[in-house]
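Report on the structure given below.
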Amino acid sequence: MIPQIAHITRVIQENRTVRTFELDTSLEAEPGQFLMLWLPGEAEKPISIMDPDPLTVTVSRVGPFSSALHRKQVGDPVGWRGPFGRPFTVQGSHLLLVAGGYGAAPLHFLARRACEAGIATTLAIGARTAEGLVLVERFRQIGCATVLATERGDAGHQGLVTEAVVNDLTRYDRVCACGPEPMLYAVARMCWEAGVPAQVSLERYMKCGFGICGQCAMGDKLVCRDGPVFDIEELRDNEDFARFTRNATGRRVPL
């Protein structure tokens with residue numbers, strides 16, 4: 001698939017390290033799918049879709065690629081291929097979304113679809129400090145209830161986001177989560193114990209985005225083709241879940 005070119009129309013500084021980029025294009029996609037975003041002269045990386053119309057992505061500055069994207073300004077061109085991957089399932093009557101930091105981005109797309117479908121939706125978001133609780137007002141504006149958690153205790157529950165929701169878990173008939181993999185494993189474990197269906201969105205190093213290169217292998221799964229969204233029952237016996245990943249050479253290493 002040849003990358004398409006779009007131009008940045010708006011840059012929003014969400015906090016010290018997270019920016020949202022709106023592009024002058026839109027696409028047909030489902031919540032949880034991802035793009036391969038290409039910066040000419042730099043590289044190509046998988047990025048979650050925060051909104052498909054206009055096409056919007058929210059990216060944290062964590063390495064060379066994201067740092068290069070953060071240097072882009074309104075009017076600069078970027079390339080993209082996709083969408084790729086298996087999306088979240090939008091169903092149920094009361095949906096709980098669990099986000100770790102900027103993992104809230106793909107859940108915003110899901111929340112919008114769920115609220116449009118009349119599904120009561122609650123976002124539980126956790127971060128180390130209040131500054132890391134990104135996109136919260138956007139979720140509230142589309143009708144989501146919110147539960148906040150910070151490890152420092154400067155906003156909402158003091159502690160982990162999973163601790164903030166575990167006692168009320170059976171109020172919800174479905175849970176969807178995106179964020180650091182240890183948090184996703186904690187979400188899966190508490191949903192297994194409570195008998196609540198759940199889906200989690202996983203992140204792995206990807207090169208092709210559609211199951212050819214095998215770079216994102218996770219046990220017997222390819223995250224780009226079989227995910228990035230998985231029902232937690234598919235991961236119950238996966239030895240890599242929250243334990244191992246693969247580096248840029250394809251070597252399996254501890255997460």
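Here, A, B, ... name the chains of the structure tokens in the order displayed, residue numbers run from 1 inside each chain, and ligands are numbered from 1 in the same displayed order.
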task: Would you list the contacts of A:Tyr185 as a PyMOL selection string, taking every protein, DNA or RNA residue within 9 Å and counting only C-alpha atoms, but skipping same-chain residues closer than 3 positions in sequence?
output: chain A and resi 180-182+188-190+200+232+241-242
task: Give me the residues within 12 Å of A:Pro197 as number ranges by chain, counting only C-alpha atoms and dropping any in the same chain fewer than 5 places off.
output: A: 89, 91-92, 94-96, 169-170, 172-177, 187-192, 230-234
query: Would you give me, as a PyMOL selection string, the residues in stretch 30-166 of chain A that DSSP reads as strand (DSSP E)?
result: chain A and resi 34-38+44-48+51-52+55-60+77-84+94-100+120-127+145-150+157-158
Nearest candidate to A:Gln4 (options A:Arg81, A:Arg112, A:Arg19, A:Lys207; using only C-alpha atoms): A:Arg81
field: A:Pro228 environment, 6 Å, only C-alpha atoms, sequence neighbours closer than 3 positions dropped, as a VMD selection string
entry: chain A and resid 85 201 to 202 223 to 224
Applying 10 Å and only C-alpha atoms, which residues near A:Val11 remain after dropping the ones on its own chain fewer than 2 positions away? List them as a PDB file with N, CA and C atoms, in the first residue's frame.
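Output saved as part.pdb:
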```
ATOM      1  N   ILE A   8      -0.764  18.923   7.907  1.00  0.00           N
ATOM      2  CA  ILE A   8      -1.184  19.265   9.268  1.00  0.00           C
ATOM      3  C   ILE A   8      -1.959  20.581   9.237  1.00  0.00           C
ATOM      4  N   THR A   9      -3.155  20.567   9.844  1.00  0.00           N
ATOM      5  CA  THR A   9      -3.967  21.794   9.900  1.00  0.00           C
ATOM      6  C   THR A   9      -4.033  22.388  11.301  1.00  0.00           C
ATOM      7  N   GLN A  13      -1.131  21.268  21.952  1.00  0.00           N
ATOM      8  CA  GLN A  13      -0.218  20.807  23.005  1.00  0.00           C
ATOM      9  C   GLN A  13      -1.048  20.307  24.175  1.00  0.00           C
ATOM     10  N   GLU A  14      -1.133  18.980  24.358  1.00  0.00           N
ATOM     11  CA  GLU A  14      -1.974  18.409  25.415  1.00  0.00           C
ATOM     12  C   GLU A  14      -1.309  18.525  26.784  1.00  0.00           C
ATOM     13  N   ARG A  19       1.231  15.759  22.081  1.00  0.00           N
ATOM     14  CA  ARG A  19       0.606  16.679  21.150  1.00  0.00           C
ATOM     15  C   ARG A  19      -0.409  15.939  20.291  1.00  0.00           C
ATOM     16  N   THR A  20      -1.458  16.666  19.907  1.00  0.00           N
ATOM     17  CA  THR A  20      -2.472  16.164  18.990  1.00  0.00           C
ATOM     18  C   THR A  20      -2.317  16.876  17.651  1.00  0.00           C
ATOM     19  N   PHE A  21      -2.364  16.098  16.561  1.00  0.00           N
ATOM     20  CA  PHE A  21      -2.188  16.633  15.212  1.00  0.00           C
ATOM     21  C   PHE A  21      -3.443  16.334  14.392  1.00  0.00           C
ATOM     22  N   GLU A  22      -4.078  17.382  13.870  1.00  0.00           N
ATOM     23  CA  GLU A  22      -5.198  17.224  12.948  1.00  0.00           C
ATOM     24  C   GLU A  22      -4.686  17.394  11.527  1.00  0.00           C
ATOM     25  N   LEU A  23      -5.182  16.534  10.609  1.00  0.00           N
ATOM     26  CA  LEU A  23      -4.739  16.552   9.211  1.00  0.00           C
ATOM     27  C   LEU A  23      -5.896  16.947   8.305  1.00  0.00           C
ATOM     28  N   THR A  56      -7.092  12.506  12.951  1.00  0.00           N
ATOM     29  CA  THR A  56      -6.412  13.104  14.097  1.00  0.00           C
ATOM     30  C   THR A  56      -5.650  12.034  14.857  1.00  0.00           C
ATOM     31  N   THR A  58      -2.898  11.470  18.346  1.00  0.00           N
ATOM     32  CA  THR A  58      -2.305  12.038  19.559  1.00  0.00           C
ATOM     33  C   THR A  58      -1.063  11.226  19.888  1.00  0.00           C
ATOM     34  N   HIS A  70       6.868  15.794  16.487  1.00  0.00           N
ATOM     35  CA  HIS A  70       6.596  16.964  17.329  1.00  0.00           C
ATOM     36  C   HIS A  70       7.222  18.238  16.768  1.00  0.00           C
ATOM     37  N   LYS A  72       7.025  19.012  13.663  1.00  0.00           N
ATOM     38  CA  LYS A  72       6.216  19.422  12.516  1.00  0.00           C
ATOM     39  C   LYS A  72       5.261  20.549  12.909  1.00  0.00           C
ATOM     40  N   GLN A  73       4.968  21.399  11.921  1.00  0.00           N
ATOM     41  CA  GLN A  73       4.116  22.560  12.132  1.00  0.00           C
ATOM     42  C   GLN A  73       2.917  22.508  11.193  1.00  0.00           C
ATOM     43  N   VAL A  74       1.960  23.413  11.406  1.00  0.00           N
ATOM     44  CA  VAL A  74       0.814  23.531  10.512  1.00  0.00           C
ATOM     45  C   VAL A  74       1.302  23.765   9.072  1.00  0.00           C
TER      46      VAL A  74
END
```
Selection near A:Ile47, 10 Å with only C-alpha atoms, sequence-local residues under 5 positions removed, as a list in words: Gln33, Phe34, Leu35, Met36, Leu37, Trp38, Val57, Thr58, Val59, Trp80, Pro83, Ala105, Pro106 and Glu203 of chain A
Please produce a file of the residues just selected, as a compact mmCIF listing (two decimals), in the first residue's frame, where the atoms kept are C-alpha atoms.
```txt
# COMPACT_ATOMS: atom_id res chain seq x y z
CA GLN A 33 -7.55 0.42 14.20
CA PHE A 34 -4.20 2.06 13.48
CA LEU A 35 -2.25 3.81 10.74
CA MET A 36 1.33 3.47 9.58
CA LEU A 37 2.34 7.14 9.80
CA TRP A 38 5.25 8.13 7.55
CA VAL A 57 -3.61 11.42 16.05
CA THR A 58 -2.31 12.04 19.56
CA VAL A 59 1.37 11.21 20.06
CA TRP A 80 -0.07 7.53 6.07
CA PRO A 83 -6.31 1.72 8.45
CA ALA A 105 -6.34 8.41 22.27
CA PRO A 106 -7.87 5.33 20.55
CA GLU A 203 1.40 -2.36 21.11
```
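We find atom CA of A:Val134 and atom CA of A:Val147 to be spaced 12.8 Å apart.
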query: Distance atom CA of A:Glu116-atom CA of A:Ile142, one decimal place?
result: 8.7 Å
field: Option closest in space to A:Ala248, from A:Phe65, A:Met206, A:Leu235, A:Pro3 [counting only C-alpha atoms]
entry: A:Met206
message: From a backbone DSSP assignment, name each residue in stretch 16-116 of chain A labelled alpha helix (DSSP H), as a ChimeraX atom specification.
response: /A:64-70,104-116
Output file for the selection above: C-alpha atoms, as an mmCIF file, in the first residue's frame:
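Just written: selection-v2.cif:
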```
data_model
loop_
_atom_site.group_PDB
_atom_site.id
_atom_site.type_symbol
_atom_site.label_atom_id
_atom_site.label_comp_id
_atom_site.auth_asym_id
_atom_site.auth_seq_id
_atom_site.Cartn_x
_atom_site.Cartn_y
_atom_site.Cartn_z
ATOM 1 C CA PRO A 64 13.374 9.799 17.437
ATOM 2 C CA PHE A 65 10.225 9.315 15.328
ATOM 3 C CA SER A 66 7.819 10.995 17.742
ATOM 4 C CA SER A 67 10.348 13.782 18.364
ATOM 5 C CA ALA A 68 10.505 14.399 14.597
ATOM 6 C CA LEU A 69 6.694 14.481 14.448
ATOM 7 C CA HIS A 70 6.596 16.964 17.329
ATOM 8 C CA ALA A 104 -6.733 7.423 25.948
ATOM 9 C CA ALA A 105 -6.344 8.415 22.267
ATOM 10 C CA PRO A 106 -7.874 5.335 20.549
ATOM 11 C CA LEU A 107 -10.431 5.064 23.361
ATOM 12 C CA HIS A 108 -11.683 8.570 22.488
ATOM 13 C CA PHE A 109 -12.679 7.281 19.031
ATOM 14 C CA LEU A 110 -14.378 4.286 20.699
ATOM 15 C CA ALA A 111 -16.152 6.504 23.250
ATOM 16 C CA ARG A 112 -17.556 8.712 20.531
ATOM 17 C CA ARG A 113 -18.968 5.707 18.641
ATOM 18 C CA ALA A 114 -20.378 4.219 21.852
ATOM 19 C CA CYS A 115 -22.042 7.468 22.951
ATOM 20 C CA GLU A 116 -23.510 7.927 19.456
#
```
- prompt: Neighbours of A:Gln158 within 10 Å (only C-alpha atoms; same-chain residues fewer than 3 positions away dropped), as a PyMOL selection string?
  reply: chain A and resi 126+128-129+148-155+161+163-164
Can I get the selection written as a CSV table (one decimal), in the first residue's frame, with C-alpha atoms?
```
chain,number,residue,atom,x,y,z
A,126,GLY,CA,-4.7,6.9,35.2
A,128,ARG,CA,1.6,9.3,37.5
A,129,THR,CA,0.5,12.9,37.9
A,148,LEU,CA,-9.4,9.9,37.5
A,149,ALA,CA,-6.5,8.2,39.2
A,150,THR,CA,-2.9,9.5,39.8
A,151,GLU,CA,-0.1,7.8,41.6
A,152,ARG,CA,1.0,11.1,43.2
A,153,GLY,CA,-2.6,11.8,44.3
A,154,ASP,CA,-2.8,15.3,42.8
A,155,ALA,CA,-6.0,14.4,40.9
A,161,VAL,CA,-6.4,3.3,37.8
A,163,GLU,CA,-7.6,0.1,42.0
A,164,ALA,CA,-10.0,2.9,41.3
```
Nearest to A:Ser48, chosen from A:Gly179, A:Gly156, A:Gly118, A:Gly63, with only C-alpha atoms counted in the distances: A:Gly179
- request: Counting only C-alpha atoms, figure out which residue out of A:Leu222, A:Arg71, A:Arg236, A:Thr162 gets nearest to A:Met183.
  value: A:Thr162
- line: The distance between atom CA of A:Val98 and atom CA of A:Ala127 is 11.4 Å
